[in-house]
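Engineer: My structure is in data_18.cif, and what it holds is mmCIF, C-alpha atoms:
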```
data_model
#
loop_
_atom_site.label_atom_id
_atom_site.label_comp_id
_atom_site.auth_asym_id
_atom_site.auth_seq_id
_atom_site.Cartn_x
_atom_site.Cartn_y
_atom_site.Cartn_z
CA MET A 1 101.58 14.73 7.58
CA ARG A 2 101.36 12.35 4.61
CA ARG A 3 104.69 10.93 5.71
CA TYR A 4 103.16 9.53 8.89
CA LEU A 5 99.80 8.58 7.44
CA PRO A 6 100.66 4.94 6.51
CA PHE A 7 102.08 4.31 9.96
CA ALA A 8 99.01 5.85 11.56
CA ILE A 9 96.80 3.54 9.49
CA ILE A 10 98.89 0.49 10.42
CA GLY A 11 98.83 1.46 14.10
CA LEU A 12 95.08 2.02 14.04
CA ILE A 13 94.46 -1.38 12.46
CA PHE A 14 96.78 -3.01 14.99
CA VAL A 15 94.83 -1.50 17.87
CA ILE A 16 91.48 -2.49 16.32
CA ALA A 17 92.66 -6.06 15.57
CA ALA A 18 94.21 -6.62 18.98
CA GLY A 19 91.27 -5.06 20.81
CA GLY A 20 88.69 -6.90 18.72
CA GLY A 21 90.51 -10.20 19.20
CA LEU A 22 90.67 -9.66 22.95
CA LEU A 23 86.97 -8.78 23.16
CA LEU A 24 86.04 -11.82 21.07
CA PHE A 25 88.22 -14.02 23.26
CA ARG A 26 86.59 -12.72 26.43
CA SER A 27 83.11 -13.20 25.02
CA LYS A 28 83.80 -16.79 23.94
CA ASN A 29 86.14 -17.99 26.63
CA VAL A 30 84.68 -21.19 28.03
CA SER A 31 87.61 -22.29 30.13
CA THR A 32 85.10 -22.67 32.93
CA PRO A 33 83.42 -26.04 32.51
CA ILE A 34 79.74 -26.14 31.68
CA ARG A 35 77.36 -28.51 33.43
CA ILE A 36 74.15 -29.33 31.73
CA VAL A 37 71.03 -31.33 32.09
CA PRO A 38 70.88 -35.13 31.96
CA GLY A 39 69.78 -36.34 28.57
CA LYS A 40 68.43 -39.64 27.35
CA PRO A 41 70.20 -42.65 28.84
CA GLY A 42 71.85 -44.03 25.70
CA ALA A 43 72.51 -47.71 25.06
CA GLU A 44 72.22 -49.82 28.18
CA PRO A 45 74.41 -51.25 29.49
CA ALA A 46 76.94 -48.69 28.33
CA HIS A 47 80.39 -49.73 27.22
CA ILE A 48 82.54 -48.84 30.21
CA ARG A 49 86.23 -49.49 30.60
CA GLY A 50 87.80 -48.91 33.97
CA SER A 51 87.04 -49.35 37.62
CA ASP A 52 83.56 -48.98 39.07
CA GLN A 53 85.24 -47.04 41.86
CA ALA A 54 86.82 -44.50 39.49
CA ARG A 55 86.46 -40.92 40.67
CA VAL A 56 86.49 -39.57 37.16
CA THR A 57 84.21 -40.74 34.37
CA LEU A 58 85.01 -39.63 30.84
CA GLU A 59 82.11 -40.09 28.46
CA GLU A 60 83.17 -39.89 24.83
CA PHE A 61 80.88 -39.51 21.83
CA GLY A 62 82.99 -40.72 18.95
CA ASP A 63 83.08 -41.73 15.33
CA TYR A 64 85.52 -44.43 14.22
CA GLN A 65 86.32 -42.63 10.99
CA CYS A 66 86.96 -39.23 12.56
CA VAL A 67 90.62 -38.24 12.55
CA PRO A 68 90.65 -36.35 15.89
CA CYS A 69 88.88 -39.37 17.46
CA HIS A 70 91.74 -41.55 16.21
CA PHE A 71 94.25 -39.30 17.97
CA LEU A 72 92.11 -39.05 21.10
CA ALA A 73 91.84 -42.85 21.27
CA LYS A 74 95.63 -43.07 21.52
CA THR A 75 95.65 -40.45 24.27
CA LEU A 76 92.87 -42.16 26.21
CA LEU A 77 94.69 -45.48 26.11
CA LYS A 78 97.72 -43.85 27.73
CA VAL A 79 95.54 -42.06 30.27
CA GLU A 80 93.69 -45.25 31.17
CA HIS A 81 97.00 -47.04 31.62
CA ASP A 82 98.56 -44.32 33.78
CA TYR A 83 95.55 -43.37 35.92
CA GLY A 84 94.52 -46.94 36.61
CA THR A 85 91.46 -47.15 38.81
CA LYS A 86 91.03 -43.39 39.08
CA VAL A 87 89.55 -42.97 35.62
CA ARG A 88 86.98 -44.88 33.61
CA ILE A 89 85.83 -44.37 30.05
CA ILE A 90 82.36 -44.63 28.55
CA PHE A 91 82.24 -44.78 24.77
CA ARG A 92 79.11 -43.83 22.87
CA HIS A 93 78.55 -43.92 19.13
CA TYR A 94 78.04 -40.77 17.15
CA PRO A 95 78.80 -41.79 13.54
CA LEU A 96 78.68 -38.77 11.27
CA LYS A 97 76.88 -39.06 7.97
CA LYS A 98 79.79 -37.62 6.02
CA HIS A 99 81.98 -40.53 7.11
CA VAL A 100 80.68 -43.22 4.81
CA HIS A 101 82.08 -46.15 6.81
CA ALA A 102 81.58 -44.78 10.30
CA TYR A 103 78.18 -46.35 10.85
CA THR A 104 79.40 -49.74 9.62
CA ALA A 105 82.35 -49.44 11.97
CA ALA A 106 80.02 -48.70 14.87
CA CYS A 107 78.02 -51.80 13.90
CA ALA A 108 81.23 -53.83 13.87
CA ALA A 109 82.16 -52.65 17.35
CA GLU A 110 78.69 -53.42 18.67
CA ALA A 111 78.63 -56.81 16.92
CA ALA A 112 81.93 -57.65 18.63
CA GLY A 113 80.32 -56.43 21.85
CA VAL A 114 77.59 -59.06 21.44
CA GLN A 115 80.37 -61.64 21.77
CA GLY A 116 81.93 -59.73 24.66
CA ARG A 117 84.82 -58.15 22.74
CA PHE A 118 83.63 -54.57 22.23
CA TRP A 119 86.73 -52.82 23.55
CA GLU A 120 89.11 -55.04 21.62
CA MET A 121 87.27 -54.26 18.38
CA HIS A 122 87.00 -50.59 19.40
CA ASP A 123 90.78 -50.38 19.77
CA LEU A 124 91.38 -52.22 16.50
CA LEU A 125 89.00 -49.93 14.61
CA PHE A 126 90.66 -46.78 15.91
CA GLN A 127 94.19 -48.09 15.46
CA ASN A 128 93.51 -48.99 11.85
CA SER A 129 91.12 -46.19 10.89
CA PRO A 130 93.78 -44.44 8.73
CA GLN A 131 93.83 -47.61 6.61
CA TRP A 132 90.20 -48.74 6.38
CA GLY A 133 88.95 -45.15 6.43
CA LYS A 134 90.65 -44.55 3.09
CA GLU A 135 89.20 -47.56 1.35
CA THR A 136 87.08 -45.46 -0.97
CA PRO A 137 87.28 -41.86 -2.15
CA ARG A 138 85.20 -39.62 0.02
CA PRO A 139 83.46 -36.39 -0.94
CA ILE A 140 85.79 -33.44 -0.63
CA ILE A 141 83.13 -31.05 0.63
CA SER A 142 79.85 -32.15 2.10
CA LEU A 143 77.15 -29.55 1.78
CA VAL A 144 74.80 -31.74 3.76
CA PRO A 145 74.73 -30.94 7.48
CA ASN A 146 75.74 -33.72 9.84
CA ALA A 147 72.84 -36.05 10.46
CA PRO A 148 73.58 -38.50 13.22
CA ASP A 149 70.60 -40.73 12.59
CA VAL A 150 71.25 -41.75 8.99
CA SER A 151 72.75 -45.11 8.17
CA PRO A 152 75.16 -45.19 5.21
CA GLU A 153 75.31 -48.97 5.31
CA GLU A 154 74.99 -49.34 1.53
CA LYS A 155 78.28 -47.53 1.15
CA ALA A 156 79.93 -49.50 3.91
CA ALA A 157 79.76 -52.95 2.31
CA GLU A 158 83.30 -52.77 0.99
CA VAL A 159 84.85 -52.42 4.44
CA ARG A 160 82.81 -55.23 5.95
CA ALA A 161 85.37 -57.74 4.79
CA ILE A 162 88.06 -55.80 6.64
CA PHE A 163 85.97 -55.74 9.80
CA ALA A 164 85.24 -59.44 9.44
CA GLY A 165 89.01 -59.89 9.28
CA TYR A 166 89.35 -58.05 12.57
CA ALA A 167 86.65 -60.28 14.06
CA GLU A 168 88.59 -63.33 12.94
CA LYS A 169 91.76 -61.88 14.43
CA LEU A 170 89.94 -61.45 17.75
CA GLY A 171 88.79 -65.05 17.64
CA LEU A 172 85.11 -64.22 17.24
CA ASP A 173 82.51 -66.36 15.51
CA VAL A 174 82.76 -64.52 12.18
CA GLU A 175 79.44 -65.68 10.74
CA ARG A 176 77.61 -64.60 13.86
CA PHE A 177 79.57 -61.33 13.82
CA LYS A 178 78.39 -60.63 10.25
CA ARG A 179 74.78 -61.41 11.17
CA ASP A 180 74.96 -59.29 14.29
CA MET A 181 76.28 -56.30 12.36
CA ASP A 182 72.88 -56.08 10.67
CA SER A 183 70.82 -56.99 13.69
CA GLU A 184 68.22 -54.74 15.23
CA GLN A 185 69.92 -55.17 18.59
CA VAL A 186 73.12 -53.56 17.29
CA ARG A 187 71.34 -50.81 15.39
CA GLY A 188 69.16 -50.11 18.38
CA ARG A 189 72.18 -49.58 20.61
CA ILE A 190 73.74 -47.17 18.15
CA ARG A 191 70.42 -45.38 17.78
CA SER A 192 70.15 -45.05 21.55
CA ASP A 193 73.61 -43.49 21.73
CA GLN A 194 72.71 -41.10 18.91
CA GLU A 195 69.53 -40.13 20.74
CA ARG A 196 71.51 -39.48 23.87
CA ALA A 197 73.98 -37.39 21.87
CA ALA A 198 71.16 -35.33 20.42
CA SER A 199 69.51 -34.93 23.82
CA VAL A 200 72.65 -33.48 25.39
CA GLY A 201 73.54 -31.26 22.43
CA VAL A 202 76.50 -33.09 20.96
CA ASP A 203 77.19 -31.68 17.51
CA ARG A 204 80.66 -32.95 16.68
CA THR A 205 83.16 -35.67 17.31
CA PRO A 206 84.90 -36.24 19.51
CA SER A 207 82.82 -34.76 22.32
CA VAL A 208 83.97 -35.62 25.81
CA PHE A 209 82.31 -35.00 29.17
CA MET A 210 84.14 -35.39 32.44
CA ASN A 211 81.88 -36.11 35.40
CA GLY A 212 79.15 -34.20 33.61
CA LEU A 213 81.30 -31.25 32.63
CA THR A 214 82.45 -30.17 29.20
CA VAL A 215 85.99 -30.89 28.15
CA PRO A 216 86.95 -28.37 25.44
CA TYR A 217 88.36 -30.02 22.36
CA THR A 218 91.50 -27.94 22.84
CA SER A 219 92.14 -30.11 25.92
CA PHE A 220 92.23 -33.38 24.03
CA ASP A 221 95.98 -33.54 23.70
CA GLU A 222 97.69 -35.66 26.30
CA VAL A 223 99.26 -32.90 28.37
CA ASP A 224 96.07 -30.86 28.65
CA LEU A 225 93.89 -33.89 29.28
CA ARG A 226 96.15 -35.00 32.11
CA ARG A 227 96.02 -31.48 33.55
CA THR A 228 92.23 -31.52 33.34
CA LEU A 229 92.03 -34.93 34.99
CA ASP A 230 94.49 -33.94 37.72
CA ALA A 231 92.44 -30.84 38.49
CA GLU A 232 89.27 -32.92 38.75
CA LEU A 233 90.93 -35.55 40.91
CA SER A 234 92.29 -32.90 43.26
CA GLY A 235 88.97 -31.05 43.39
CA GLN A 236 90.35 -28.00 41.66
CA THR A 237 88.06 -27.96 38.64
CA PRO A 238 86.58 -24.47 38.30
CA THR A 239 82.98 -24.10 39.42
CA PRO A 240 80.80 -25.11 36.48
CA VAL A 241 78.50 -22.63 34.86
CA PRO A 242 75.20 -23.22 33.04
CA PRO A 243 75.26 -23.30 29.25
CA THR A 244 75.02 -19.97 27.53
CA PRO A 245 71.77 -19.12 25.73
CA GLY A 246 71.79 -20.52 22.21
CA SER A 247 74.39 -23.13 23.05
CA ASN A 248 73.75 -26.68 21.84
CA LEU A 249 75.38 -28.10 24.90
CA GLN A 250 73.19 -29.76 27.46
CA ILE A 251 75.73 -31.93 29.11
CA PRO A 252 74.43 -34.73 31.29
CA THR A 253 75.79 -36.00 34.51
CA PRO A 254 77.13 -39.47 33.69
CA THR A 255 75.76 -42.45 35.49
CA PRO A 256 77.49 -42.67 38.87
CA PRO A 257 79.79 -45.63 39.49
CA LYS A 258 77.98 -48.74 40.58
CA MET B 259 111.87 7.65 4.06
CA LYS B 260 115.11 6.91 2.27
CA ASP B 261 113.67 4.08 0.24
CA LYS B 262 110.75 6.11 -1.02
CA GLN B 263 109.96 5.30 -4.63
CA THR B 264 111.79 7.32 -7.28
CA VAL B 265 110.79 5.37 -10.40
CA PRO B 266 107.27 4.66 -11.63
CA GLY B 267 105.82 1.66 -9.83
CA PRO B 268 102.61 -0.26 -10.08
CA ARG B 269 99.38 1.55 -9.47
CA PRO B 270 98.65 2.18 -5.77
CA TRP B 271 95.10 0.82 -6.04
CA LEU B 272 96.54 -2.66 -6.43
CA PHE B 273 98.11 -2.33 -3.02
CA VAL B 274 94.97 -0.76 -1.58
CA LEU B 275 93.12 -3.83 -2.80
CA ALA B 276 95.84 -6.05 -1.27
CA ALA B 277 95.48 -4.16 2.02
CA LEU B 278 91.71 -4.67 2.04
CA LEU B 279 92.06 -8.38 1.31
CA SER B 280 94.66 -8.64 4.08
CA LEU B 281 92.21 -7.02 6.47
CA VAL B 282 89.60 -9.66 5.66
CA GLY B 283 92.25 -12.35 6.15
CA LEU B 284 93.25 -10.78 9.44
CA ALA B 285 89.66 -10.87 10.70
CA ASP B 286 89.30 -14.49 9.52
CA SER B 287 92.53 -15.53 11.26
CA ILE B 288 91.67 -13.73 14.49
CA TYR B 289 88.29 -15.48 14.57
CA LEU B 290 89.93 -18.88 14.04
CA THR B 291 92.59 -18.14 16.65
CA VAL B 292 89.97 -17.19 19.22
CA THR B 293 87.80 -20.24 18.48
CA HIS B 294 90.87 -22.45 18.79
CA LEU B 295 91.92 -20.91 22.10
CA THR B 296 88.45 -21.00 23.60
CA GLY B 297 87.38 -24.40 22.29
CA GLU B 298 84.30 -22.95 20.64
CA ASN B 299 82.80 -24.39 17.48
CA ALA B 300 83.71 -22.39 14.41
CA ALA B 301 80.47 -21.33 12.74
CA CYS B 302 80.93 -23.19 9.46
CA PHE B 303 78.24 -22.59 6.88
CA ALA B 304 79.12 -24.65 3.79
CA SER B 305 81.48 -27.46 4.68
CA SER B 306 81.02 -29.87 7.54
CA GLY B 307 84.59 -30.57 8.56
CA CYS B 308 85.40 -27.51 10.64
CA SER B 309 85.81 -29.30 13.94
CA GLU B 310 87.92 -32.03 12.36
CA VAL B 311 90.28 -29.56 10.74
CA LEU B 312 90.48 -27.21 13.69
CA ALA B 313 90.95 -30.02 16.21
CA SER B 314 93.55 -31.82 14.14
CA ALA B 315 97.22 -32.06 14.92
CA TYR B 316 97.85 -29.75 11.96
CA ALA B 317 95.91 -26.85 13.48
CA SER B 318 98.62 -25.78 15.87
CA VAL B 319 102.36 -25.56 16.20
CA GLY B 320 103.04 -26.68 19.74
CA LYS B 321 100.62 -24.66 21.82
CA ILE B 322 100.22 -21.89 19.28
CA PRO B 323 97.25 -22.09 16.90
CA LEU B 324 98.31 -22.00 13.27
CA ALA B 325 95.68 -19.31 12.75
CA ALA B 326 97.71 -17.00 15.02
CA PHE B 327 100.58 -17.23 12.54
CA GLY B 328 98.03 -16.49 9.84
CA ALA B 329 96.91 -13.38 11.71
CA LEU B 330 100.52 -12.25 12.02
CA GLY B 331 101.05 -12.92 8.31
CA TYR B 332 97.96 -11.00 7.26
CA PHE B 333 98.78 -8.06 9.52
CA THR B 334 102.29 -7.90 8.06
CA ALA B 335 100.83 -8.18 4.55
CA PHE B 336 98.44 -5.35 5.39
CA SER B 337 101.29 -3.17 6.69
CA CYS B 338 103.43 -3.85 3.63
CA SER B 339 100.51 -3.17 1.31
CA VAL B 340 99.77 0.17 2.98
CA LEU B 341 103.43 1.17 2.80
CA ALA B 342 103.65 0.00 -0.80
CA ALA B 343 100.53 2.01 -1.66
CA PHE B 344 102.34 5.05 -0.27
CA GLY B 345 105.31 4.32 -2.53
CA TYR B 346 107.78 2.34 -0.45
CA PRO B 347 109.52 -0.08 -2.85
CA ARG B 348 111.13 -2.12 -0.06
CA ALA B 349 107.69 -2.81 1.35
CA ARG B 350 106.76 -4.13 -2.09
CA SER B 351 109.73 -6.48 -2.08
CA PHE B 352 108.98 -7.67 1.42
CA LEU B 353 105.33 -8.18 0.50
CA THR B 354 106.40 -10.39 -2.40
CA VAL B 355 108.51 -12.61 -0.15
CA LEU B 356 105.81 -12.74 2.52
CA VAL B 357 103.01 -13.62 0.11
CA ALA B 358 105.19 -16.31 -1.48
CA GLY B 359 105.60 -17.86 1.97
CA MET B 360 101.89 -17.56 2.69
CA LEU B 361 101.07 -19.15 -0.67
CA ALA B 362 103.36 -22.11 0.02
CA THR B 363 101.77 -22.58 3.45
CA THR B 364 98.28 -22.31 1.96
CA LEU B 365 99.02 -24.96 -0.66
CA TRP B 366 100.35 -27.28 2.03
CA LEU B 367 97.27 -26.75 4.19
CA LEU B 368 94.95 -27.37 1.24
CA TYR B 369 96.79 -30.62 0.60
CA VAL B 370 96.41 -31.61 4.27
CA GLN B 371 92.70 -30.87 4.23
CA ALA B 372 92.05 -32.68 0.95
CA PHE B 373 94.29 -35.73 1.27
CA VAL B 374 95.11 -36.20 4.94
CA LEU B 375 92.11 -35.04 6.94
CA TYR B 376 89.48 -35.46 4.19
CA ALA B 377 87.73 -32.45 5.62
CA PHE B 378 87.62 -28.74 4.91
CA CYS B 379 86.72 -25.78 7.04
CA ASP B 380 85.10 -22.72 5.52
CA PHE B 381 87.34 -20.22 7.21
CA CYS B 382 90.45 -22.06 6.05
CA LEU B 383 89.12 -22.02 2.50
CA ILE B 384 88.36 -18.29 2.75
CA SER B 385 91.91 -17.73 3.92
CA ALA B 386 93.23 -19.81 1.04
CA ALA B 387 91.19 -17.78 -1.45
CA LEU B 388 92.49 -14.54 0.06
CA THR B 389 96.10 -15.70 -0.11
CA LEU B 390 95.65 -16.80 -3.71
CA SER B 391 94.16 -13.38 -4.49
CA LEU B 392 97.05 -11.64 -2.74
CA SER B 393 99.47 -13.73 -4.78
CA ALA B 394 97.70 -12.72 -7.97
CA ILE B 395 97.85 -9.05 -6.97
CA VAL B 396 101.56 -9.23 -6.17
CA ALA B 397 102.24 -11.01 -9.44
CA ALA B 398 100.18 -8.39 -11.29
CA SER B 399 102.07 -5.57 -9.57
CA HIS B 400 105.37 -7.02 -10.74
CA PHE B 401 104.02 -7.46 -14.26
CA ILE B 402 102.77 -3.86 -14.35
CA GLU B 403 106.01 -2.56 -12.92
CA ARG B 404 108.00 -4.40 -15.54
CA ARG B 405 105.83 -3.00 -18.33
CA ARG B 406 106.08 0.53 -17.00
CA ARG B 407 109.85 0.29 -16.64
CA SER B 408 110.11 -1.05 -20.15
CA ALA B 409 107.92 1.78 -21.47
CA ALA B 410 109.99 4.34 -19.56
CA LYS B 411 113.22 2.99 -21.04
CA GLN B 412 111.79 3.14 -24.54
CA ALA B 413 110.68 6.73 -23.98
CA ILE B 414 114.19 7.68 -22.82
CA ARG B 415 115.69 6.02 -25.88
CA ARG B 416 113.30 7.91 -28.16
CA GLU B 417 114.14 11.21 -26.47
CA SER B 418 117.88 10.61 -26.79
#
```
Translate this structure into structure tokens?
Structural biologist:
Amino acid sequence: MRRYLPFAIIGLIFVIAAGGGLLLFRSKNVSTPIRIVPGKPGAEPAHIRGSDQARVTLEEFGDYQCVPCHFLAKTLLKVEHDYGTKVRIIFRHYPLKKHVHAYTAACAAEAAGVQGRFWEMHDLLFQNSPQWGKETPRPIISLVPNAPDVSPEEKAAEVRAIFAGYAEKLGLDVERFKRDMDSEQVRGRIRSDQERAASVGVDRTPSVFMNGLTVPYTSFDEVDLRRTLDAELSGQTPTPVPPTPGSNLQIPTPTPPK
Amino acid sequence: MKDKQTVPGPRPWLFVLAALLSLVGLADSIYLTVTHLTGENAACFASSGCSEVLASAYASVGKIPLAAFGALGYFTAFSCSVLAAFGYPRARSFLTVLVAGMLATTLWLLYVQAFVLYAFCDFCLISAALTLSLSAIVAASHFIERRRRSAAKQAIRRES
């Protein structure tokens, strides 16, 4: 009997692990998109890239210093290029407190937006985030929960010169750009986006909604995102379900195309 | 049963401890695998970089979550530990090789979190602590085995 005991123990644990994993998977599986209530409007007018006639609107809540956002930005550029007028992108700011330069970067994007070059600065910030994001050592572990409404602008001064360099590269009025970065207009827009994020239950970056439905972060790679978009364009997106009790998500229906 | 232990080996409780730690690691890895596959937020309690780590390009190999490999590793470590506790020396050898591989992977992932992603996730750190503990147990088992063999040889010499 003792001879078989270790194998019995191993077999029992295998069954428990496989069964437990399967049960957990079934209880958490959110492959069905979730539709949730409209939240606050966010900054108006929103930064929208793409056709007004687009059938699919992707609304991203992002942080310029977040690594997955950097990868997603590359994917979205390809998607925008390939889907043309079928897809449009709305970008909203959700700078995380733990990213010490993220808020300054959001200010830079908005300040460029004042001069009509938001998307150009947006692309530059994401393309170069591995460089400017490493300008100063960052805390290894933050024990402070993410707080979307806190400005770490004191810490961001050292990257301002880099952002001013981007502004110069884009042909902006650099002095005005620097002034606008600190303006109430710019801060107000970021604050509005943060309020919208909070109102719809965003708790991480990137968070993406497609025509008011959740896009799981596991679908942010190019192949899966294309599959998700194709399903939506062909009307094959699974029927959305309401958010589960206790979920933060309260996804809004994006503003319909004008 | 041919490779059943015939010489004194390390104490079985070391392997029982290794098996228990492997079970914790298995549960941790299964949780991370499921959260990855379902797109749920991992319930981080201390660090704030869970989503960044788990959504990063380093969190999967192709379509397979890295945590699934972790689950496989921990289950194999558990099996080897149980067999070793029952006196199978080959299981001990295999456990040593396996844990060495897990340790190397853990060190790489810690490097990625600290210097590439600048973010940590609690469950990854728990897994790292478990792997480091397993490594210490395996190293201790070899140390004890060596001491016991040495003591046995000296006893034989004294008797002869």
Engineer: Could you check how far atom CA of A:Arg191 sits from atom CA of A:Pro95, in Å to one decimal?
Structural biologist: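 That distance, rounded to one decimal, is 10.1 Å.
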Engineer: Skip B:Val274 itself and residues of its chain fewer than 4 positions away, then list as an NGL selection string all residues within 7 Å of it, counting only C-alpha atoms.
Structural biologist: :B and (270 or 278 or 339-340 or 343)
Engineer: State, in Å with one decimal place, the distance from atom CA of A:Asp224 to atom CA of A:Val208.
Structural biologist: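 Separating atom CA of A:Asp224 from atom CA of A:Val208 is a distance of 13.3 Å.
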Engineer: Name the residues, using the chain letters and numbers of the file, that sit within 12 Å of (97.0, -9.1, 19.9) when counting all atoms listed in the file, and give them as a PyMOL selection string.
Structural biologist: (chain A and resi 13-25) or (chain B and resi 284-285+287-288+291-292+326-327+329-330+333)
Engineer: Could you list, as a ChimeraX atom specification, every residue matched by the PyMOL selection byres ((chain B) within 10 of (chain A)) in this structure?
Structural biologist: /B:259,281,284-285,287-289,291-299,303-315,321,329,333-334,336-344,371-380
Engineer: So how far away is atom CA of B:Ile395 from atom CA of B:Ala276, in Å?
Structural biologist: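 Atom CA of B:Ile395 lies 6.7 Å from atom CA of B:Ala276.
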Engineer: Written as a ChimeraX atom specification, which residues does the PyMOL selection byres ((chain A and resi 118-125) around 8) give for the file shown?
Structural biologist: /A:47,49,64,73,105,108-117,126-129,166-167,170
Engineer: Can you give me, as a list in words, the residues this file yields under the PyMOL selection byres ((chain A and resi 86) around 12)?
Structural biologist: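 Applied to this file, the PyMOL selection byres ((chain A and resi 86) around 12) returns Arg49, Gly50, Ser51, Asp52, Gln53, Ala54, Arg55, Val56, Thr57, Leu58, Val79, Glu80, His81, Asp82, Tyr83, Gly84, Thr85, Val87, Arg88, Ile89, Leu229, Asp230, Glu232, Leu233, Ser234 and Pro257 of chain A.
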Engineer: I'd like to know which of B:Val396, B:Tyr346, B:Ser280, B:Leu324 is closest to B:Ile384, using all atoms listed in the file.
Structural biologist: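 So, comparing all the options, the nearest one is B:Ser280.
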Engineer: Could you list as a list in words every residue that has an atom within 6 Å of (67.5, -45.8, 23.6), using the file's coordinates and counting all atoms listed in the file?
Structural biologist: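 Taken together, the residues in range are Gly42, Ala43 and Ser192 of chain A.
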Engineer: Once you have the residues from the selection above, write them out as a compact mmCIF listing (two decimals), keeping the file's coordinate frame, restricted to C-alpha atoms.
Structural biologist:
```txt
# COMPACT_ATOMS: atom_id res chain seq x y z
CA GLY A 42 71.85 -44.03 25.70
CA ALA A 43 72.51 -47.71 25.06
CA SER A 192 70.15 -45.05 21.55
```
Engineer: Mind checking which residues fall within 10 Å of B:Ala386, counting all atoms listed in the file, ignoring those fewer than 2 positions away in the same chain, and posting them as a PyMOL selection string?
Structural biologist: chain B and resi 283+360-361+363-365+367-368+380-384+388-392
Engineer: Counting all atoms listed in the file, figure out which residue out of B:Ser385, B:Leu275, B:Ala398, B:Arg405 gets nearest to B:Thr354.
Structural biologist: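 That would be B:Ala398, the residue with the smallest distance to B:Thr354.
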Engineer: Using all atoms listed in the file, which residue out of B:Ala410, B:Val319, B:Leu356, B:Ala335 lies closest to B:Leu279?
Structural biologist: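 Closest candidate: B:Ala335.
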Engineer: Identify which of the residues A:Val174, A:Ala164, A:Ala8, A:Ala46 lies closest to A:Arg196, counting all atoms listed in the file when measuring atom-to-atom distances.
Structural biologist: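 Closest to A:Arg196, using all atoms listed in the file: A:Ala46.
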